[in-house]
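Structure first, then comments.
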Amino acid sequence: MASEEPPKNTTTTTSSGSDVEQAALPQTQLTEDDDGLEDNSNVPKLSVIKIFWLFFWHFGCFAWGGPVAQIALIKERLVLEEKWITLARFQRVFSVYQILPGPEAAELCMFFGCLSAGRLGGIVAGLGFMLPGFVLMVVASYLYARVGFSNTYIRASFRALQPIVAAMILRATHKLADHTILHHQRRTLNPYLLIAAVFTAINTALRINIFISLAFYGILYTLIHRRLRIAAGILFILQYIGYALYVYFRGVPSPISLGLGIVRTPTIVNLFVLGLVAGTLSFGGAYTAIPFIQVEAVLLGGWLPQSTFIDCIAIGNVLPAPLVIFATFVGFQGGLQGGHGWGHAFAGAIVITLGMFLPCFLFTIAGHKVLERLVRNSFLAAFFDGLCGAVIGVIAVIAMEILKAGIEGTTDWEKEEQKMQVKRAMETGPAAVIYMLALAVLYKFTHKYTAILLVVFGAVGGQFVFVD
C-alpha cells in the first residue's frame, strides 16, 4: 500500500502573484496536479487489435524472469519511454495492485488497456499478456504427460531443477518479506507484522487451517492499528486456548486440515473452483497460491505427486508468463486422472487457468479508482497489511517443505525398490550442493534473466550429475 506523501512546503520566497496563488491552492489539488494522478492526456487511444498485439508481443512474449522483470519491462516501455502516465501515478497504481489478489504484471497490463480503450481494452490487454505463457504451459504439460520420467535424460534435468526451484522460492520469500513486514513510511521493521508471519508459520506447523490464520492476523493487526492492543493481546492468547481445547477433545489436526478439500476428485468443476479460490487468495502473487494448491492437490487430494508439483513450478519459472501459470499444469494433470483422455486434460488446464485469473480481471476491470478509495480506508488497509504479513509465514513453510522434497527427491520411498532407494539417497548430496549454489547465485546476481539462466544451466548440468 502506498503511503501518503508528506505535505509539500508551500512557503513562498518571492512576492510574485503566481507563487502566492499556488500557495493558496488546496494541498490535495497541488499534489494531484504535480503528480499527474488524473492526467490521461498522453495515453494513446488504440484499437482493440492494436492493444492485443502490443501486450501480446511486447510484454507477453518477453515476460521472462518472473514478476519483478515483467513489471520493470512494463514500467520502462509505457511509463519511462512512452510516458502514458507519470511515474508517481504508476507507483500509486502498483501499490494498490500489490495488496490485491492476482499477478501484478497482468493487472498492470489490464490497467493500461483500460486507459487506452476502456474495459474491453483492459480485458484484451490481459489476455494478450497471458496467452503466450498459457499456450507454452499447455504444450509443456502435454509433453510432460507423454514422456514423464521414463526418459533418463529428462528425469535427470528435472531432478537438478527441483533444488533450484526450492532456492528460488526461498529467495522470493525473502524479497516478499522485505516489502511486507516493513513500515510503509519509515521503512523499518514492523514487529507486529513479523509476529504475524512467525506465528502463522507456527500455526501451519500445528496444522491450523491457512484461512483461519490469514483472517485471524488480518483482524489482529486491524485492532493493533486502531490502538486496541489489549483486545489484540487477548485475542492472540485465545487462539491457542481454542487450539488446546480442540486438541484435547478432537486430537491434533491431521495434515488435510490445512485445506478445504474442494478438489478431492479433480473434476472439471472442482478444478475451476480450485483455480478460483487460489486466484482469490494470491495476495503477493503466485507464491501465495503455491501452498494452497499444494495442500489441495498433493496432500489432501492425493492425485498429484509432490515431485510432479515441484516440476510444474520449475516449468513456470522458465516460461514467459506470470508464475501463477503453474496452475495450468496442475489442471492438465488433474484432467488426466481417471482415464478421461487428452480432451479432458486440456479442458482441465483451461478451466483452472480461467479460475486463477478471473479474480484479478474482475478487480482490475471493476475500476482502479474504486479500489484506490478502498485501499485508503484505514480499516481495510490495516486488515490487508496483517493478512499480507501472515502470508509470508505460509510461504516460508512451503519453501521449507519444497526444499526438503527438492533435495530428497520423491517422497514415496516406501513404494520403491531397495535399489532405487539407494540411488535416490546418493542423489541427496549433489542436490544439496545445487541448492546452495543456486541460492548463492540468486543473492549475488539480481539480473532479470538470472532465474532463466539458472534453469537452463540446471537442466544441462543434470545430465552430468544425475545420469549414470
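Labeling convention for the C-alpha cells: chains A, B, ... as they appear, residues from 1 per chain, ligands from 1 in order of appearance.
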
Which region 77-110 of chain A residues have any atom within 12 Å of an atom of region 310-321 of chain A, and for each, what is the nearest pair of atoms with distance in Å to one decimal, counting only C-alpha atoms, rows sorted by chain and number, as JSON lines?
{"residue": "A:Pro103", "atom": "CA", "partner": "A:Ala321", "partner_atom": "CA", "distance": 9.9}
{"residue": "A:Glu104", "atom": "CA", "partner": "A:Ala321", "partner_atom": "CA", "distance": 11.8}
{"residue": "A:Ala105", "atom": "CA", "partner": "A:Ala321", "partner_atom": "CA", "distance": 9.4}
{"residue": "A:Ala106", "atom": "CA", "partner": "A:Ala321", "partner_atom": "CA", "distance": 9.2}

Pick out the residues sitting within 12 Å of Ala140 (chain A), and hand them over as a short mmCIF file (atom, residue, chain, number, x, y, z; two decimals) with all heavy atoms, in the first residue's frame; count only C-alpha atoms, and ignore anything fewer than 2 positions along from it in its own chain.
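Output (selection.cif):
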data_model
loop_
_atom_site.label_atom_id
_atom_site.label_comp_id
_atom_site.auth_asym_id
_atom_site.auth_seq_id
_atom_site.Cartn_x
_atom_site.Cartn_y
_atom_site.Cartn_z
N GLY A 133 2.31 -17.42 -22.43
CA GLY A 133 2.67 -18.33 -21.36
C GLY A 133 1.69 -19.48 -21.22
O GLY A 133 2.10 -20.62 -20.95
N PHE A 134 0.40 -19.19 -21.41
CA PHE A 134 -0.61 -20.24 -21.29
C PHE A 134 -0.41 -21.31 -22.36
O PHE A 134 -0.44 -22.51 -22.07
CB PHE A 134 -2.01 -19.63 -21.40
CG PHE A 134 -3.10 -20.65 -21.53
CD1 PHE A 134 -3.49 -21.41 -20.44
CD2 PHE A 134 -3.73 -20.88 -22.75
CE1 PHE A 134 -4.49 -22.37 -20.55
CE2 PHE A 134 -4.73 -21.82 -22.87
CZ PHE A 134 -5.12 -22.57 -21.77
N VAL A 135 -0.21 -20.88 -23.61
CA VAL A 135 -0.02 -21.83 -24.70
C VAL A 135 1.23 -22.68 -24.47
O VAL A 135 1.21 -23.91 -24.64
CB VAL A 135 0.07 -21.09 -26.05
CG1 VAL A 135 0.46 -22.05 -27.17
CG2 VAL A 135 -1.26 -20.42 -26.38
N LEU A 136 2.32 -22.04 -24.07
CA LEU A 136 3.56 -22.77 -23.82
C LEU A 136 3.41 -23.75 -22.66
O LEU A 136 3.96 -24.86 -22.70
CB LEU A 136 4.70 -21.79 -23.55
CG LEU A 136 5.17 -20.96 -24.75
CD1 LEU A 136 6.20 -19.93 -24.31
CD2 LEU A 136 5.75 -21.86 -25.84
N MET A 137 2.67 -23.36 -21.62
CA MET A 137 2.48 -24.26 -20.48
C MET A 137 1.61 -25.46 -20.86
O MET A 137 1.85 -26.58 -20.39
CB MET A 137 1.87 -23.51 -19.30
CG MET A 137 1.65 -24.39 -18.07
SD MET A 137 3.15 -25.23 -17.51
CE MET A 137 3.80 -24.02 -16.35
N VAL A 138 0.61 -25.24 -21.69
CA VAL A 138 -0.22 -26.36 -22.15
C VAL A 138 0.63 -27.34 -22.96
O VAL A 138 0.54 -28.57 -22.79
CB VAL A 138 -1.41 -25.86 -22.99
CG1 VAL A 138 -2.12 -27.03 -23.68
CG2 VAL A 138 -2.39 -25.10 -22.12
N TYR A 142 1.54 -31.21 -21.90
CA TYR A 142 1.30 -32.35 -22.79
C TYR A 142 2.56 -33.19 -22.97
O TYR A 142 2.53 -34.43 -22.85
CB TYR A 142 0.79 -31.85 -24.13
CG TYR A 142 0.62 -32.94 -25.16
CD1 TYR A 142 -0.48 -33.79 -25.13
CD2 TYR A 142 1.56 -33.10 -26.18
CE1 TYR A 142 -0.64 -34.80 -26.08
CE2 TYR A 142 1.42 -34.10 -27.13
CZ TYR A 142 0.33 -34.95 -27.07
OH TYR A 142 0.18 -35.94 -27.99
N LEU A 143 3.68 -32.52 -23.22
CA LEU A 143 4.94 -33.24 -23.41
C LEU A 143 5.36 -33.96 -22.13
O LEU A 143 5.86 -35.09 -22.18
CB LEU A 143 6.04 -32.27 -23.86
CG LEU A 143 5.83 -31.63 -25.24
CD1 LEU A 143 6.95 -30.63 -25.52
CD2 LEU A 143 5.79 -32.70 -26.33
N TYR A 144 5.15 -33.31 -21.02
CA TYR A 144 5.49 -33.92 -19.73
C TYR A 144 4.66 -35.18 -19.49
O TYR A 144 5.17 -36.20 -19.03
CB TYR A 144 5.27 -32.91 -18.61
CG TYR A 144 5.72 -33.38 -17.24
CD1 TYR A 144 6.98 -33.04 -16.75
CD2 TYR A 144 4.88 -34.13 -16.44
CE1 TYR A 144 7.38 -33.46 -15.49
CE2 TYR A 144 5.27 -34.56 -15.18
CZ TYR A 144 6.53 -34.21 -14.71
OH TYR A 144 6.92 -34.64 -13.47
N ALA A 145 3.37 -35.09 -19.79
CA ALA A 145 2.50 -36.24 -19.58
C ALA A 145 2.82 -37.37 -20.55
O ALA A 145 2.67 -38.55 -20.21
CB ALA A 145 1.03 -35.82 -19.74
N ARG A 146 3.25 -37.01 -21.75
CA ARG A 146 3.59 -38.01 -22.75
C ARG A 146 4.88 -38.74 -22.39
O ARG A 146 4.96 -39.97 -22.47
CB ARG A 146 3.77 -37.34 -24.12
CG ARG A 146 2.50 -37.15 -24.90
CD ARG A 146 1.96 -38.48 -25.38
NE ARG A 146 0.88 -38.32 -26.34
CZ ARG A 146 0.16 -39.33 -26.81
NH1 ARG A 146 0.38 -40.57 -26.38
NH2 ARG A 146 -0.81 -39.12 -27.66
N VAL A 147 5.90 -37.98 -22.01
CA VAL A 147 7.23 -38.56 -21.78
C VAL A 147 7.41 -38.98 -20.33
O VAL A 147 7.92 -40.04 -20.02
CB VAL A 147 8.33 -37.56 -22.19
CG1 VAL A 147 9.71 -38.14 -21.92
CG2 VAL A 147 8.18 -37.18 -23.65
N GLY A 148 6.95 -38.09 -19.39
CA GLY A 148 7.10 -38.37 -17.97
C GLY A 148 8.56 -38.51 -17.58
O GLY A 148 9.44 -37.87 -18.16
N ASP A 311 8.06 -29.98 -10.25
CA ASP A 311 8.41 -29.85 -11.66
C ASP A 311 7.58 -28.77 -12.34
O ASP A 311 8.08 -28.01 -13.18
CB ASP A 311 8.21 -31.19 -12.38
CG ASP A 311 9.22 -32.24 -11.94
OD1 ASP A 311 10.27 -31.85 -11.42
OD2 ASP A 311 8.93 -33.44 -12.12
N CYS A 312 6.29 -28.68 -12.00
CA CYS A 312 5.44 -27.70 -12.66
C CYS A 312 5.85 -26.28 -12.27
O CYS A 312 5.74 -25.35 -13.08
CB CYS A 312 3.97 -27.96 -12.37
SG CYS A 312 3.34 -27.27 -10.83
N ILE A 313 6.33 -26.10 -11.05
CA ILE A 313 6.82 -24.78 -10.65
C ILE A 313 8.10 -24.44 -11.41
O ILE A 313 8.32 -23.29 -11.81
CB ILE A 313 7.05 -24.73 -9.13
CG1 ILE A 313 5.74 -24.98 -8.39
CG2 ILE A 313 7.62 -23.38 -8.71
CD1 ILE A 313 5.89 -25.09 -6.90
N ALA A 314 8.96 -25.44 -11.62
CA ALA A 314 10.18 -25.23 -12.39
C ALA A 314 9.85 -24.80 -13.82
O ALA A 314 10.46 -23.88 -14.37
CB ALA A 314 11.01 -26.51 -12.41
N ILE A 315 8.86 -25.45 -14.42
CA ILE A 315 8.45 -25.07 -15.78
C ILE A 315 7.89 -23.66 -15.79
O ILE A 315 8.18 -22.85 -16.68
CB ILE A 315 7.42 -26.07 -16.32
CG1 ILE A 315 8.04 -27.47 -16.44
CG2 ILE A 315 6.90 -25.63 -17.68
CD1 ILE A 315 7.05 -28.55 -16.79
N GLY A 316 7.07 -23.34 -14.78
CA GLY A 316 6.50 -22.00 -14.69
C GLY A 316 7.55 -20.92 -14.56
O GLY A 316 7.38 -19.80 -15.06
N VAL A 318 10.50 -20.86 -15.97
CA VAL A 318 11.28 -20.66 -17.18
C VAL A 318 10.44 -20.10 -18.34
O VAL A 318 10.98 -19.63 -19.33
CB VAL A 318 11.96 -21.99 -17.61
CG1 VAL A 318 10.96 -22.94 -18.22
CG2 VAL A 318 13.13 -21.74 -18.53
N LEU A 319 9.12 -20.13 -18.21
CA LEU A 319 8.26 -19.65 -19.29
C LEU A 319 8.02 -18.15 -19.19
O LEU A 319 8.05 -17.58 -18.10
CB LEU A 319 6.91 -20.38 -19.25
CG LEU A 319 6.93 -21.88 -19.53
CD1 LEU A 319 5.52 -22.44 -19.47
CD2 LEU A 319 7.55 -22.17 -20.89
N ILE A 325 0.86 -19.33 -13.72
CA ILE A 325 0.56 -20.21 -14.85
C ILE A 325 0.88 -21.66 -14.50
O ILE A 325 0.47 -22.57 -15.23
CB ILE A 325 1.33 -19.75 -16.11
CG1 ILE A 325 0.57 -20.14 -17.39
CG2 ILE A 325 2.73 -20.32 -16.13
CD1 ILE A 325 -0.70 -19.39 -17.60
N PHE A 326 1.59 -21.89 -13.40
CA PHE A 326 1.83 -23.26 -12.98
C PHE A 326 0.51 -23.99 -12.73
O PHE A 326 0.44 -25.23 -12.82
CB PHE A 326 2.71 -23.30 -11.72
CG PHE A 326 1.98 -23.07 -10.43
CD1 PHE A 326 1.44 -24.14 -9.72
CD2 PHE A 326 1.80 -21.79 -9.93
CE1 PHE A 326 0.76 -23.93 -8.53
CE2 PHE A 326 1.12 -21.58 -8.74
CZ PHE A 326 0.59 -22.66 -8.04
N THR A 328 -2.00 -24.05 -14.61
CA THR A 328 -2.41 -24.69 -15.86
C THR A 328 -1.91 -26.12 -15.92
O THR A 328 -2.62 -27.05 -16.33
CB THR A 328 -1.87 -23.89 -17.06
OG1 THR A 328 -2.34 -22.54 -16.99
CG2 THR A 328 -2.31 -24.50 -18.38
N PHE A 329 -0.66 -26.32 -15.49
CA PHE A 329 -0.07 -27.65 -15.44
C PHE A 329 -0.84 -28.55 -14.48
O PHE A 329 -1.13 -29.71 -14.79
CB PHE A 329 1.40 -27.52 -15.01
CG PHE A 329 2.16 -28.81 -14.99
CD1 PHE A 329 3.02 -29.14 -16.03
CD2 PHE A 329 2.05 -29.69 -13.93
CE1 PHE A 329 3.74 -30.33 -16.00
CE2 PHE A 329 2.76 -30.88 -13.90
CZ PHE A 329 3.61 -31.20 -14.94
N VAL A 330 -1.17 -28.01 -13.31
CA VAL A 330 -1.92 -28.78 -12.31
C VAL A 330 -3.28 -29.19 -12.88
O VAL A 330 -3.72 -30.34 -12.71
CB VAL A 330 -2.10 -27.96 -11.02
CG1 VAL A 330 -2.99 -28.69 -10.02
CG2 VAL A 330 -0.74 -27.66 -10.39
N PHE A 332 -4.06 -29.60 -16.01
CA PHE A 332 -3.84 -30.60 -17.05
C PHE A 332 -3.65 -31.98 -16.43
O PHE A 332 -4.26 -32.97 -16.88
CB PHE A 332 -2.63 -30.22 -17.89
CG PHE A 332 -2.47 -31.01 -19.16
CD1 PHE A 332 -2.95 -30.51 -20.36
CD2 PHE A 332 -1.84 -32.25 -19.18
CE1 PHE A 332 -2.81 -31.23 -21.55
CE2 PHE A 332 -1.70 -32.97 -20.34
CZ PHE A 332 -2.18 -32.47 -21.53
N GLN A 333 -2.81 -32.05 -15.40
CA GLN A 333 -2.58 -33.33 -14.74
C GLN A 333 -3.85 -33.85 -14.06
O GLN A 333 -4.13 -35.04 -14.08
CB GLN A 333 -1.46 -33.18 -13.70
CG GLN A 333 -0.11 -32.79 -14.27
CD GLN A 333 0.45 -33.87 -15.19
OE1 GLN A 333 0.34 -35.05 -14.92
NE2 GLN A 333 1.06 -33.44 -16.28
N PHE A 346 -6.95 -31.17 -21.47
CA PHE A 346 -6.90 -29.80 -21.99
C PHE A 346 -8.01 -28.95 -21.37
O PHE A 346 -7.80 -27.76 -21.08
CB PHE A 346 -7.02 -29.80 -23.51
CG PHE A 346 -5.76 -30.23 -24.21
CD1 PHE A 346 -5.68 -31.46 -24.83
CD2 PHE A 346 -4.65 -29.41 -24.23
CE1 PHE A 346 -4.52 -31.88 -25.47
CE2 PHE A 346 -3.48 -29.81 -24.87
CZ PHE A 346 -3.42 -31.04 -25.50
N ALA A 349 -6.92 -27.89 -17.93
CA ALA A 349 -5.95 -26.81 -17.99
C ALA A 349 -6.62 -25.46 -18.23
O ALA A 349 -6.24 -24.44 -17.65
CB ALA A 349 -4.92 -27.10 -19.08
#

| said: Residues near Thr265 (chain A), anyone? I mean within 9 Å using only C-alpha atoms, not counting same-chain ones fewer than 5 positions away, as a VMD selection string. | reply: chain A and resid 270 to 271 301 303 334 337

Any chance you could export the current selection's N, CA and C atoms as a PDB file, in the first residue's frame?
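And here's part.pdb as it stands now:
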ATOM      1  N   ASN A 270     -14.533 -28.944 -10.143  1.00  0.00           N
ATOM      2  CA  ASN A 270     -13.651 -28.805  -8.977  1.00  0.00           C
ATOM      3  C   ASN A 270     -12.354 -28.093  -9.328  1.00  0.00           C
ATOM      4  N   LEU A 271     -11.813 -28.361 -10.511  1.00  0.00           N
ATOM      5  CA  LEU A 271     -10.579 -27.694 -10.931  1.00  0.00           C
ATOM      6  C   LEU A 271     -10.813 -26.196 -11.126  1.00  0.00           C
ATOM      7  N   GLY A 301      -5.909 -34.014  -1.836  1.00  0.00           N
ATOM      8  CA  GLY A 301      -6.474 -34.793  -2.942  1.00  0.00           C
ATOM      9  C   GLY A 301      -5.685 -36.060  -3.213  1.00  0.00           C
ATOM     10  N   TRP A 303      -3.865 -36.774  -5.738  1.00  0.00           N
ATOM     11  CA  TRP A 303      -3.802 -37.168  -7.141  1.00  0.00           C
ATOM     12  C   TRP A 303      -2.633 -36.536  -7.897  1.00  0.00           C
ATOM     13  N   GLY A 334      -4.623 -32.933 -13.473  1.00  0.00           N
ATOM     14  CA  GLY A 334      -5.873 -33.342 -12.855  1.00  0.00           C
ATOM     15  C   GLY A 334      -6.867 -33.877 -13.869  1.00  0.00           C
ATOM     16  N   GLN A 337      -6.559 -37.560 -14.756  1.00  0.00           N
ATOM     17  CA  GLN A 337      -6.909 -38.571 -13.765  1.00  0.00           C
ATOM     18  C   GLN A 337      -8.202 -39.285 -14.152  1.00  0.00           C
TER      19      GLN A 337
END

| task | Would you work out the distance separating CA of Glu76 (chain A) from CA of Ala125 (chain A), expressed in Å to one decimal? | result |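 Pair CA of Glu76 (chain A) / CA of Ala125 (chain A) returns 17.1 Å.
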
| request: Tell me, as a list in words, which residues lie within 12 Å of region 227-241 of chain A, counting only C-alpha atoms; anything in the same chain fewer than 3 positions away does not count. | output: Tyr192, Ile195, Ala196, Phe199, Thr200, Ile202, Asn203, Leu206, Ile208, Ile212, Ser213, Phe216, Tyr217, Gly218, Ile219, Leu220, Tyr221, Thr222, Leu223, Ile224, Ala244, Leu245, Tyr246, Val247, Tyr248, Phe379 and Ala382 of chain A

| For Val456 (chain A), which of A:Val48, A:Leu387, A:Gly429, A:Phe158 is the closest residue, counting only C-alpha atoms? |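 Distance minimum relative to Val456 (chain A) lands on A:Phe158.
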
| Which distance in Å separates CA of Asp178 (chain A) and CA of Thr288 (chain A), to one decimal? |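 Taking CA of Asp178 (chain A) and CA of Thr288 (chain A), their separation equals 15.4 Å.
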
List as a CSV table (one decimal) with all heavy atoms, in the first residue's frame the protein and nucleic acid residues near Phe211 (chain A), meaning an atom at most 12 Å away when only C-alpha atoms are counted, but skip any in the same chain fewer than 6 places from it.
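Here's the written file part.csv:
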chain,number,residue,atom,x,y,z
A,200,THR,N,2.0,-17.4,12.1
A,200,THR,CA,1.3,-18.1,11.0
A,200,THR,C,2.1,-19.3,10.6
A,200,THR,O,1.5,-20.4,10.3
A,200,THR,CB,1.1,-17.1,9.8
A,200,THR,OG1,0.3,-16.0,10.2
A,200,THR,CG2,0.3,-17.9,8.7
A,203,ASN,N,1.5,-21.8,13.3
A,203,ASN,CA,0.1,-22.3,13.1
A,203,ASN,C,0.0,-23.3,12.0
A,203,ASN,O,-0.7,-24.3,12.1
A,203,ASN,CB,-0.9,-21.2,12.9
A,203,ASN,CG,-1.1,-20.3,14.1
A,203,ASN,OD1,-0.6,-20.6,15.2
A,203,ASN,ND2,-1.9,-19.3,13.9
A,204,THR,N,0.8,-23.1,10.9
A,204,THR,CA,0.8,-24.0,9.8
A,204,THR,C,1.4,-25.3,10.3
A,204,THR,O,0.9,-26.4,9.9
A,204,THR,CB,1.5,-23.4,8.6
A,204,THR,OG1,0.9,-22.2,8.2
A,204,THR,CG2,1.5,-24.4,7.4
A,217,TYR,N,-5.0,-13.0,11.6
A,217,TYR,CA,-4.0,-12.0,11.8
A,217,TYR,C,-4.3,-10.7,11.0
A,217,TYR,O,-3.8,-9.6,11.3
A,217,TYR,CB,-2.6,-12.5,11.3
A,217,TYR,CG,-2.0,-13.4,12.4
A,217,TYR,CD1,-2.1,-14.8,12.3
A,217,TYR,CD2,-1.5,-12.8,13.6
A,217,TYR,CE1,-1.6,-15.6,13.3
A,217,TYR,CE2,-1.0,-13.6,14.6
A,217,TYR,CZ,-1.0,-15.0,14.5
A,217,TYR,OH,-0.6,-15.8,15.5
A,218,GLY,N,-5.2,-10.8,10.0
A,218,GLY,CA,-5.8,-9.5,9.4
A,218,GLY,C,-6.6,-8.8,10.5
A,218,GLY,O,-6.4,-7.6,10.6
A,257,SER,N,-6.2,-31.0,7.3
A,257,SER,CA,-7.0,-29.9,7.9
A,257,SER,C,-6.5,-28.5,7.4
A,257,SER,O,-7.1,-27.5,7.6
A,257,SER,CB,-6.9,-29.9,9.4
A,257,SER,OG,-5.6,-29.7,9.9
A,258,LEU,N,-5.3,-28.5,6.7
A,258,LEU,CA,-4.7,-27.3,6.2
A,258,LEU,C,-5.5,-26.8,4.9
A,258,LEU,O,-5.3,-25.7,4.5
A,258,LEU,CB,-3.3,-27.4,5.8
A,258,LEU,CG,-2.3,-27.8,7.0
A,258,LEU,CD1,-0.9,-28.0,6.5
A,258,LEU,CD2,-2.3,-26.6,8.0
A,259,GLY,N,-6.3,-27.7,4.3
A,259,GLY,CA,-7.0,-27.3,3.1
A,259,GLY,C,-8.5,-27.3,3.3
A,259,GLY,O,-9.0,-27.5,4.4
A,260,LEU,N,-9.2,-27.1,2.2
A,260,LEU,CA,-10.7,-27.0,2.2
A,260,LEU,C,-11.3,-28.3,1.7
A,260,LEU,O,-12.4,-28.6,1.9
A,260,LEU,CB,-11.2,-25.8,1.4
A,260,LEU,CG,-10.8,-24.5,1.9
A,260,LEU,CD1,-11.3,-23.4,1.0
A,260,LEU,CD2,-11.3,-24.2,3.3
A,277,VAL,N,-10.5,-20.2,-6.1
A,277,VAL,CA,-10.1,-19.9,-4.7
A,277,VAL,C,-8.6,-19.5,-4.6
A,277,VAL,O,-8.3,-18.6,-3.9
A,277,VAL,CB,-10.4,-21.1,-3.8
A,277,VAL,CG1,-10.0,-20.9,-2.4
A,277,VAL,CG2,-11.9,-21.4,-3.9
A,278,ALA,N,-7.8,-20.3,-5.3
A,278,ALA,CA,-6.3,-19.9,-5.3
A,278,ALA,C,-6.1,-18.6,-5.9
A,278,ALA,O,-5.3,-17.8,-5.3
A,278,ALA,CB,-5.6,-21.0,-6.1
A,280,THR,N,-8.1,-16.0,-5.8
A,280,THR,CA,-8.7,-15.1,-4.9
A,280,THR,C,-7.7,-14.9,-3.7
A,280,THR,O,-7.6,-13.8,-3.1
A,280,THR,CB,-10.0,-15.5,-4.3
A,280,THR,OG1,-10.9,-15.7,-5.5
A,280,THR,CG2,-10.6,-14.4,-3.4
A,281,LEU,N,-6.9,-15.9,-3.4
A,281,LEU,CA,-6.0,-15.9,-2.2
A,281,LEU,C,-4.6,-15.4,-2.6
A,281,LEU,O,-3.8,-15.3,-1.7
A,281,LEU,CB,-5.9,-17.3,-1.6
A,281,LEU,CG,-7.2,-17.8,-0.8
A,281,LEU,CD1,-6.9,-19.2,-0.4
A,281,LEU,CD2,-7.5,-16.8,0.3
A,288,THR,N,1.8,-17.1,-3.0
A,288,THR,CA,0.7,-17.3,-2.0
A,288,THR,C,-0.2,-18.5,-2.5
A,288,THR,O,-0.7,-19.2,-1.7
A,288,THR,CB,-0.1,-16.0,-1.9
A,288,THR,OG1,0.8,-14.9,-1.7
A,288,THR,CG2,-1.0,-16.2,-0.7
A,291,PRO,N,1.2,-22.7,-1.8
A,291,PRO,CA,0.9,-23.6,-0.7
A,291,PRO,C,-0.6,-24.1,-0.7
A,291,PRO,O,-0.8,-25.3,-0.4
A,291,PRO,CB,1.2,-22.8,0.6
A,291,PRO,CG,1.1,-21.4,0.1
A,291,PRO,CD,1.6,-21.4,-1.3
A,292,PHE,N,-1.5,-23.3,-1.1
A,292,PHE,CA,-2.9,-23.7,-1.1
A,292,PHE,C,-3.1,-24.8,-2.2
A,292,PHE,O,-3.7,-25.9,-1.8
A,292,PHE,CB,-3.8,-22.5,-1.4
A,292,PHE,CG,-5.3,-22.9,-1.6
A,292,PHE,CD1,-6.0,-23.3,-0.5
A,292,PHE,CD2,-5.9,-23.0,-2.8
A,292,PHE,CE1,-7.3,-23.7,-0.6
A,292,PHE,CE2,-7.2,-23.3,-2.9
A,292,PHE,CZ,-7.9,-23.7,-1.8
A,387,LEU,N,-2.9,-9.4,6.9
A,387,LEU,CA,-3.1,-10.6,6.0
A,387,LEU,C,-1.8,-10.9,5.2
A,387,LEU,O,-1.3,-12.0,5.2
A,387,LEU,CB,-4.3,-10.4,5.1
A,387,LEU,CG,-4.7,-11.6,4.3
A,387,LEU,CD1,-6.2,-11.6,4.0
A,387,LEU,CD2,-4.0,-11.6,2.9
A,390,ALA,N,0.8,-12.3,7.4
A,390,ALA,CA,0.6,-13.7,7.7
A,390,ALA,C,0.9,-14.6,6.5
A,390,ALA,O,1.4,-15.7,6.6
A,390,ALA,CB,-0.9,-13.9,8.0
A,391,VAL,N,0.7,-14.1,5.3
A,391,VAL,CA,1.0,-14.8,4.0
A,391,VAL,C,2.5,-15.2,4.0
A,391,VAL,O,2.9,-16.3,3.5
A,391,VAL,CB,0.7,-14.0,2.8
A,391,VAL,CG1,1.4,-14.5,1.6
A,391,VAL,CG2,-0.8,-14.0,2.6
A,394,VAL,N,3.1,-18.4,5.7
A,394,VAL,CA,2.6,-19.6,4.9
A,394,VAL,C,3.7,-19.9,3.8
A,394,VAL,O,4.0,-21.1,3.6
A,394,VAL,CB,1.3,-19.3,4.3
A,394,VAL,CG1,0.8,-20.4,3.4
A,394,VAL,CG2,0.2,-19.0,5.4

Can you list, as a PDB file with N, CA, C and O atoms, in the first residue's frame, every protein, DNA or RNA residue that comes within 9 Å of Gly60 (chain A) when you count only C-alpha atoms, leaving out same-chain residues fewer than 6 positions away?
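This went into out.pdb:
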ATOM      1  N   LEU A  54       0.042  -5.212 -28.916  1.00  0.00           N
ATOM      2  CA  LEU A  54       1.025  -4.525 -28.070  1.00  0.00           C
ATOM      3  C   LEU A  54       1.365  -5.366 -26.852  1.00  0.00           C
ATOM      4  O   LEU A  54       2.544  -5.601 -26.553  1.00  0.00           O
ATOM      5  N   GLN A  70       9.006  -8.582 -15.238  1.00  0.00           N
ATOM      6  CA  GLN A  70       7.830  -8.222 -16.031  1.00  0.00           C
ATOM      7  C   GLN A  70       7.345  -6.812 -15.714  1.00  0.00           C
ATOM      8  O   GLN A  70       7.026  -6.030 -16.612  1.00  0.00           O
ATOM      9  N   GLY A 128      -3.863 -10.753 -23.942  1.00  0.00           N
ATOM     10  CA  GLY A 128      -2.654 -10.729 -24.747  1.00  0.00           C
ATOM     11  C   GLY A 128      -1.405 -11.021 -23.935  1.00  0.00           C
ATOM     12  O   GLY A 128      -0.497 -11.712 -24.398  1.00  0.00           O
ATOM     13  N   PHE A 129      -1.382 -10.526 -22.699  1.00  0.00           N
ATOM     14  CA  PHE A 129      -0.212 -10.744 -21.850  1.00  0.00           C
ATOM     15  C   PHE A 129      -0.087 -12.198 -21.410  1.00  0.00           C
ATOM     16  O   PHE A 129       1.009 -12.759 -21.380  1.00  0.00           O
ATOM     17  N   MET A 130      -1.190 -12.839 -21.079  1.00  0.00           N
ATOM     18  CA  MET A 130      -1.126 -14.186 -20.519  1.00  0.00           C
ATOM     19  C   MET A 130      -1.137 -15.290 -21.573  1.00  0.00           C
ATOM     20  O   MET A 130      -0.748 -16.425 -21.288  1.00  0.00           O
ATOM     21  N   LEU A 131      -1.565 -14.975 -22.802  1.00  0.00           N
ATOM     22  CA  LEU A 131      -1.741 -16.015 -23.817  1.00  0.00           C
ATOM     23  C   LEU A 131      -0.451 -16.754 -24.173  1.00  0.00           C
ATOM     24  O   LEU A 131      -0.469 -18.001 -24.251  1.00  0.00           O
ATOM     25  N   PRO A 132       0.691 -16.075 -24.406  1.00  0.00           N
ATOM     26  CA  PRO A 132       1.908 -16.831 -24.759  1.00  0.00           C
ATOM     27  C   PRO A 132       2.308 -17.841 -23.689  1.00  0.00           C
ATOM     28  O   PRO A 132       2.605 -19.000 -24.002  1.00  0.00           O
ATOM     29  N   GLY A 133       2.307 -17.421 -22.433  1.00  0.00           N
ATOM     30  CA  GLY A 133       2.675 -18.335 -21.363  1.00  0.00           C
ATOM     31  C   GLY A 133       1.694 -19.482 -21.221  1.00  0.00           C
ATOM     32  O   GLY A 133       2.096 -20.625 -20.948  1.00  0.00           O
ATOM     33  N   PRO A 320       7.768 -17.483 -20.327  1.00  0.00           N
ATOM     34  CA  PRO A 320       7.432 -16.049 -20.304  1.00  0.00           C
ATOM     35  C   PRO A 320       5.979 -15.852 -19.883  1.00  0.00           C
ATOM     36  O   PRO A 320       5.096 -15.655 -20.723  1.00  0.00           O
ATOM     37  N   ALA A 321       5.733 -15.888 -18.591  1.00  0.00           N
ATOM     38  CA  ALA A 321       4.360 -15.821 -18.090  1.00  0.00           C
ATOM     39  C   ALA A 321       4.387 -15.520 -16.606  1.00  0.00           C
ATOM     40  O   ALA A 321       5.413 -15.725 -15.944  1.00  0.00           O
TER      41      ALA A 321
END
